[in-house]
$ cat my_file.cif   # mmCIF, C-alpha atoms
data_final
loop_
_atom_site.group_PDB
_atom_site.id
_atom_site.type_symbol
_atom_site.label_atom_id
_atom_site.label_comp_id
_atom_site.auth_asym_id
_atom_site.auth_seq_id
_atom_site.Cartn_x
_atom_site.Cartn_y
_atom_site.Cartn_z
ATOM 1 C CA MET A 1 0.000 0.000 0.000
ATOM 2 C CA ASN A 2 2.780 2.469 0.905
ATOM 3 C CA ASN A 3 4.584 1.893 -2.392
ATOM 4 C CA LEU A 4 1.480 2.744 -4.403
ATOM 5 C CA LEU A 5 0.911 5.872 -2.310
ATOM 6 C CA LYS A 6 4.527 6.985 -2.767
ATOM 7 C CA ARG A 7 4.400 6.323 -6.504
ATOM 8 C CA ALA A 8 1.154 8.292 -6.821
ATOM 9 C CA CYS A 9 2.725 11.177 -4.903
ATOM 10 C CA ASN A 10 5.900 11.172 -7.004
ATOM 11 C CA HIS A 11 4.050 10.957 -10.330
ATOM 12 C CA LYS A 12 1.161 13.229 -9.256
ATOM 13 C CA THR A 13 -1.400 10.665 -10.409
ATOM 14 C CA PRO A 14 -4.837 10.244 -8.796
ATOM 15 C CA ILE A 15 -5.581 7.025 -6.916
ATOM 16 C CA GLN A 16 -8.625 5.519 -5.237
ATOM 17 C CA ILE A 17 -8.823 4.721 -1.541
ATOM 18 C CA ILE A 18 -11.376 3.109 0.720
ATOM 19 C CA TYR A 19 -11.424 5.149 3.913
ATOM 20 C CA ILE A 20 -13.149 4.747 7.272
ATOM 21 C CA ASP A 21 -13.726 7.957 9.206
ATOM 22 C CA SER A 22 -13.835 8.527 12.964
ATOM 23 C CA GLN A 23 -17.559 7.656 13.007
ATOM 24 C CA ASN A 24 -16.966 4.351 11.174
ATOM 25 C CA HIS A 25 -18.453 5.550 7.876
ATOM 26 C CA LEU A 26 -16.868 3.964 4.811
ATOM 27 C CA SER A 27 -16.217 5.983 1.694
ATOM 28 C CA GLN A 28 -14.472 5.499 -1.605
ATOM 29 C CA ARG A 29 -12.399 8.527 -2.555
ATOM 30 C CA THR A 30 -10.327 9.573 -5.513
ATOM 31 C CA ILE A 31 -7.377 11.583 -4.252
ATOM 32 C CA LYS A 32 -4.170 13.175 -5.472
ATOM 33 C CA VAL A 33 -1.475 12.566 -2.849
ATOM 34 C CA LEU A 34 0.547 15.683 -2.042
ATOM 35 C CA ALA A 35 2.583 14.589 0.992
ATOM 36 C CA ILE A 36 3.067 11.455 3.088
ATOM 37 C CA THR A 37 4.220 11.055 6.688
ATOM 38 C CA ASN A 38 4.278 7.948 8.868
ATOM 39 C CA THR A 39 0.777 8.658 10.147
ATOM 40 C CA PHE A 40 -0.946 11.008 7.684
ATOM 41 C CA ILE A 41 -1.474 11.703 3.999
ATOM 42 C CA LYS A 42 -2.161 15.187 2.722
ATOM 43 C CA ALA A 43 -4.146 15.029 -0.492
ATOM 44 C CA TYR A 44 -6.618 16.741 -2.723
ATOM 45 C CA CYS A 45 -9.917 14.841 -2.501
ATOM 46 C CA TYR A 46 -11.843 14.954 -5.774
ATOM 47 C CA SER A 47 -15.000 13.673 -4.039
ATOM 48 C CA LYS A 48 -15.108 16.564 -1.552
ATOM 49 C CA ARG A 49 -13.328 19.037 -3.858
ATOM 50 C CA GLN A 50 -11.093 20.044 -0.957
ATOM 51 C CA PHE A 51 -7.633 19.478 0.417
ATOM 52 C CA ARG A 52 -7.832 16.831 3.145
ATOM 53 C CA THR A 53 -5.631 15.031 5.642
ATOM 54 C CA PHE A 54 -6.178 11.272 5.925
ATOM 55 C CA LYS A 55 -4.977 9.027 8.757
ATOM 56 C CA MET A 56 -2.891 6.190 7.334
ATOM 57 C CA GLU A 57 -4.439 3.709 9.785
ATOM 58 C CA ASN A 58 -7.920 4.540 8.429
ATOM 59 C CA ILE A 59 -7.078 3.784 4.810
ATOM 60 C CA LEU A 60 -8.395 0.273 4.229
ATOM 61 C CA SER A 61 -7.289 -0.136 0.612
ATOM 62 C CA VAL A 62 -5.499 1.703 -2.172
ATOM 63 C CA GLY A 63 -5.865 1.155 -5.888
ATOM 64 C CA LYS A 64 -5.173 2.791 -9.200
ATOM 65 C CA LYS A 65 -7.872 5.137 -10.425
ATOM 66 C CA ALA A 66 -10.220 3.467 -12.883
ATOM 67 C CA VAL A 67 -10.194 5.048 -16.325
#
$ encode --input "my_file.cif" --output "structure tokens"
Amino acid sequence: MNNLLKRACNHKTPIQIIYIDSQNHLSQRTIKVLAITNTFIKAYCYSKRQFRTFKMENILSVGKKAV
């Protein structure tokens, strides 16, 4: 999962994630990763049309964006 996130950040390509928020709501998001730390990802979320910070531990899966 980390390799795909790093590659997406380096190449500035959108990816899809499945994310669970603090209230246990699942969502599928298309994001553009801007920065990665050990615990967080800063990204532009196309679903919300906003810059967001995602907790790494709450990202359930990562995949390439469907064309």
$ resolve_selection --input "my_file.cif" --expression "the PyMOL selection byres ((chain A and resi 51-64) around 7)" --output "PyMOL selection string"
chain A and resi 1+15-21+39-45+50+65-66
$ axis_aligned_box --input "my_file.cif" --around "stretch 34-43 of chain A" --padding-each-side "6 Å" --output "lines of an AutoDock Vina configuration file"
center_x = 0.1
center_y = 11.8
center_z = 4.1
size_x = 20.4
size_y = 19.7
size_z = 24.2
$ atom_distance --input "my_file.cif" --atom1 "atom CA of A:Arg49" --atom2 "atom CA of A:Lys32"
11.0 Å
$ closest_residue --input "my_file.cif" --among "A:Gln28, A:Ile36, A:Ser22, A:Tyr46" --to "A:Leu5" --atoms "all atoms listed in the file"
A:Ile36
$ atom_distance --input "my_file.cif" --atom1 "atom CA of A:His25" --atom2 "atom CA of A:Cys9"
25.4 Å
$ atom_distance --input "my_file.cif" --atom1 "atom CA of A:Thr30" --atom2 "atom CA of A:Thr13"
10.2 Å
$ residues_around --input "my_file.cif" --residues "A:Lys12" --least-positions-apart "4" --cutoff "10 Å" --atoms "all atoms listed in the file" --output "list in words"
Lys6, Arg7, Ala8, Lys32, Val33 and Leu34 of chain A
$ write_last_selection --input "my_file.cif" --atoms "C-alpha atoms" --output "PDB file, keeping the file's coordinate frame"
ATOM      1  CA  LYS A   6       4.527   6.985  -2.767  1.00  0.00           C
ATOM      2  CA  ARG A   7       4.400   6.323  -6.504  1.00  0.00           C
ATOM      3  CA  ALA A   8       1.154   8.292  -6.821  1.00  0.00           C
ATOM      4  CA  LYS A  32      -4.170  13.175  -5.472  1.00  0.00           C
ATOM      5  CA  VAL A  33      -1.475  12.566  -2.849  1.00  0.00           C
ATOM      6  CA  LEU A  34       0.547  15.683  -2.042  1.00  0.00           C
TER       7      LEU A  34
END
$ build_atoms --input "my_file.cif" --residues "stretch 26-62 of chain A" --atoms "N, CA and C atoms" --output "PDB file, in the coordinates of the input"
ATOM      1  N   LEU A  26     -17.760   4.316   5.921  1.00  0.00           N
ATOM      2  CA  LEU A  26     -16.868   3.964   4.811  1.00  0.00           C
ATOM      3  C   LEU A  26     -17.130   4.873   3.624  1.00  0.00           C
ATOM      4  N   SER A  27     -16.053   5.218   2.931  1.00  0.00           N
ATOM      5  CA  SER A  27     -16.217   5.983   1.694  1.00  0.00           C
ATOM      6  C   SER A  27     -15.119   5.596   0.717  1.00  0.00           C
ATOM      7  N   GLN A  28     -15.461   5.698  -0.546  1.00  0.00           N
ATOM      8  CA  GLN A  28     -14.472   5.499  -1.605  1.00  0.00           C
ATOM      9  C   GLN A  28     -14.130   6.883  -2.122  1.00  0.00           C
ATOM     10  N   ARG A  29     -12.843   7.195  -2.154  1.00  0.00           N
ATOM     11  CA  ARG A  29     -12.399   8.527  -2.555  1.00  0.00           C
ATOM     12  C   ARG A  29     -11.380   8.426  -3.673  1.00  0.00           C
ATOM     13  N   THR A  30     -11.405   9.400  -4.553  1.00  0.00           N
ATOM     14  CA  THR A  30     -10.327   9.573  -5.513  1.00  0.00           C
ATOM     15  C   THR A  30      -9.524  10.762  -5.022  1.00  0.00           C
ATOM     16  N   ILE A  31      -8.232  10.539  -4.816  1.00  0.00           N
ATOM     17  CA  ILE A  31      -7.377  11.583  -4.252  1.00  0.00           C
ATOM     18  C   ILE A  31      -6.105  11.754  -5.078  1.00  0.00           C
ATOM     19  N   LYS A  32      -5.510  12.935  -4.941  1.00  0.00           N
ATOM     20  CA  LYS A  32      -4.170  13.175  -5.472  1.00  0.00           C
ATOM     21  C   LYS A  32      -3.275  13.413  -4.260  1.00  0.00           C
ATOM     22  N   VAL A  33      -2.344  12.506  -4.016  1.00  0.00           N
ATOM     23  CA  VAL A  33      -1.475  12.566  -2.849  1.00  0.00           C
ATOM     24  C   VAL A  33      -0.462  13.690  -3.026  1.00  0.00           C
ATOM     25  N   LEU A  34      -0.375  14.553  -2.008  1.00  0.00           N
ATOM     26  CA  LEU A  34       0.547  15.683  -2.042  1.00  0.00           C
ATOM     27  C   LEU A  34       1.739  15.487  -1.118  1.00  0.00           C
ATOM     28  N   ALA A  35       1.508  14.832   0.023  1.00  0.00           N
ATOM     29  CA  ALA A  35       2.583  14.589   0.992  1.00  0.00           C
ATOM     30  C   ALA A  35       2.219  13.382   1.844  1.00  0.00           C
ATOM     31  N   ILE A  36       3.257  12.658   2.277  1.00  0.00           N
ATOM     32  CA  ILE A  36       3.067  11.455   3.088  1.00  0.00           C
ATOM     33  C   ILE A  36       3.982  11.528   4.303  1.00  0.00           C
ATOM     34  N   THR A  37       3.416  11.243   5.483  1.00  0.00           N
ATOM     35  CA  THR A  37       4.220  11.055   6.688  1.00  0.00           C
ATOM     36  C   THR A  37       3.955   9.635   7.180  1.00  0.00           C
ATOM     37  N   ASN A  38       4.509   9.289   8.316  1.00  0.00           N
ATOM     38  CA  ASN A  38       4.278   7.948   8.868  1.00  0.00           C
ATOM     39  C   ASN A  38       2.827   7.732   9.280  1.00  0.00           C
ATOM     40  N   THR A  39       2.132   8.806   9.618  1.00  0.00           N
ATOM     41  CA  THR A  39       0.777   8.658  10.147  1.00  0.00           C
ATOM     42  C   THR A  39      -0.318   9.334   9.318  1.00  0.00           C
ATOM     43  N   PHE A  40       0.056  10.257   8.438  1.00  0.00           N
ATOM     44  CA  PHE A  40      -0.946  11.008   7.684  1.00  0.00           C
ATOM     45  C   PHE A  40      -0.592  11.133   6.207  1.00  0.00           C
ATOM     46  N   ILE A  41      -1.634  11.373   5.416  1.00  0.00           N
ATOM     47  CA  ILE A  41      -1.474  11.703   3.999  1.00  0.00           C
ATOM     48  C   ILE A  41      -2.198  13.019   3.772  1.00  0.00           C
ATOM     49  N   LYS A  42      -1.512  13.951   3.164  1.00  0.00           N
ATOM     50  CA  LYS A  42      -2.161  15.187   2.722  1.00  0.00           C
ATOM     51  C   LYS A  42      -2.474  14.999   1.253  1.00  0.00           C
ATOM     52  N   ALA A  43      -3.714  15.298   0.879  1.00  0.00           N
ATOM     53  CA  ALA A  43      -4.146  15.029  -0.492  1.00  0.00           C
ATOM     54  C   ALA A  43      -5.270  15.966  -0.895  1.00  0.00           C
ATOM     55  N   TYR A  44      -5.428  16.083  -2.200  1.00  0.00           N
ATOM     56  CA  TYR A  44      -6.618  16.741  -2.723  1.00  0.00           C
ATOM     57  C   TYR A  44      -7.650  15.648  -2.953  1.00  0.00           C
ATOM     58  N   CYS A  45      -8.832  15.814  -2.362  1.00  0.00           N
ATOM     59  CA  CYS A  45      -9.917  14.841  -2.501  1.00  0.00           C
ATOM     60  C   CYS A  45     -10.873  15.331  -3.583  1.00  0.00           C
ATOM     61  N   TYR A  46     -10.954  14.585  -4.673  1.00  0.00           N
ATOM     62  CA  TYR A  46     -11.843  14.954  -5.774  1.00  0.00           C
ATOM     63  C   TYR A  46     -13.309  14.810  -5.379  1.00  0.00           C
ATOM     64  N   SER A  47     -13.617  13.880  -4.482  1.00  0.00           N
ATOM     65  CA  SER A  47     -15.000  13.673  -4.039  1.00  0.00           C
ATOM     66  C   SER A  47     -15.527  14.892  -3.282  1.00  0.00           C
ATOM     67  N   LYS A  48     -14.711  15.418  -2.382  1.00  0.00           N
ATOM     68  CA  LYS A  48     -15.108  16.564  -1.552  1.00  0.00           C
ATOM     69  C   LYS A  48     -14.698  17.902  -2.164  1.00  0.00           C
ATOM     70  N   ARG A  49     -13.854  17.833  -3.204  1.00  0.00           N
ATOM     71  CA  ARG A  49     -13.328  19.037  -3.858  1.00  0.00           C
ATOM     72  C   ARG A  49     -12.630  19.951  -2.867  1.00  0.00           C
ATOM     73  N   GLN A  50     -11.832  19.309  -1.985  1.00  0.00           N
ATOM     74  CA  GLN A  50     -11.093  20.044  -0.957  1.00  0.00           C
ATOM     75  C   GLN A  50      -9.788  19.328  -0.661  1.00  0.00           C
ATOM     76  N   PHE A  51      -8.845  20.092  -0.096  1.00  0.00           N
ATOM     77  CA  PHE A  51      -7.633  19.478   0.417  1.00  0.00           C
ATOM     78  C   PHE A  51      -7.982  18.829   1.743  1.00  0.00           C
ATOM     79  N   ARG A  52      -7.506  17.600   1.946  1.00  0.00           N
ATOM     80  CA  ARG A  52      -7.832  16.831   3.145  1.00  0.00           C
ATOM     81  C   ARG A  52      -6.587  16.162   3.708  1.00  0.00           C
ATOM     82  N   THR A  53      -6.664  15.822   4.983  1.00  0.00           N
ATOM     83  CA  THR A  53      -5.631  15.031   5.642  1.00  0.00           C
ATOM     84  C   THR A  53      -6.271  13.716   6.057  1.00  0.00           C
ATOM     85  N   PHE A  54      -5.656  12.607   5.638  1.00  0.00           N
ATOM     86  CA  PHE A  54      -6.178  11.272   5.925  1.00  0.00           C
ATOM     87  C   PHE A  54      -5.223  10.548   6.865  1.00  0.00           C
ATOM     88  N   LYS A  55      -5.786   9.872   7.876  1.00  0.00           N
ATOM     89  CA  LYS A  55      -4.977   9.027   8.757  1.00  0.00           C
ATOM     90  C   LYS A  55      -4.621   7.748   8.014  1.00  0.00           C
ATOM     91  N   MET A  56      -3.345   7.411   8.015  1.00  0.00           N
ATOM     92  CA  MET A  56      -2.891   6.190   7.334  1.00  0.00           C
ATOM     93  C   MET A  56      -3.622   4.962   7.866  1.00  0.00           C
ATOM     94  N   GLU A  57      -3.811   4.894   9.185  1.00  0.00           N
ATOM     95  CA  GLU A  57      -4.439   3.709   9.785  1.00  0.00           C
ATOM     96  C   GLU A  57      -5.904   3.553   9.379  1.00  0.00           C
ATOM     97  N   ASN A  58      -6.518   4.604   8.846  1.00  0.00           N
ATOM     98  CA  ASN A  58      -7.920   4.540   8.429  1.00  0.00           C
ATOM     99  C   ASN A  58      -8.097   4.255   6.943  1.00  0.00           C
ATOM    100  N   ILE A  59      -6.999   4.143   6.224  1.00  0.00           N
ATOM    101  CA  ILE A  59      -7.078   3.784   4.810  1.00  0.00           C
ATOM    102  C   ILE A  59      -7.101   2.263   4.722  1.00  0.00           C
ATOM    103  N   LEU A  60      -8.215   1.723   4.265  1.00  0.00           N
ATOM    104  CA  LEU A  60      -8.395   0.273   4.229  1.00  0.00           C
ATOM    105  C   LEU A  60      -7.822  -0.351   2.967  1.00  0.00           C
ATOM    106  N   SER A  61      -7.878   0.381   1.847  1.00  0.00           N
ATOM    107  CA  SER A  61      -7.289  -0.136   0.612  1.00  0.00           C
ATOM    108  C   SER A  61      -6.926   1.020  -0.309  1.00  0.00           C
ATOM    109  N   VAL A  62      -5.988   0.724  -1.203  1.00  0.00           N
ATOM    110  CA  VAL A  62      -5.499   1.703  -2.172  1.00  0.00           C
ATOM    111  C   VAL A  62      -5.460   1.021  -3.524  1.00  0.00           C
TER     112      VAL A  62
END
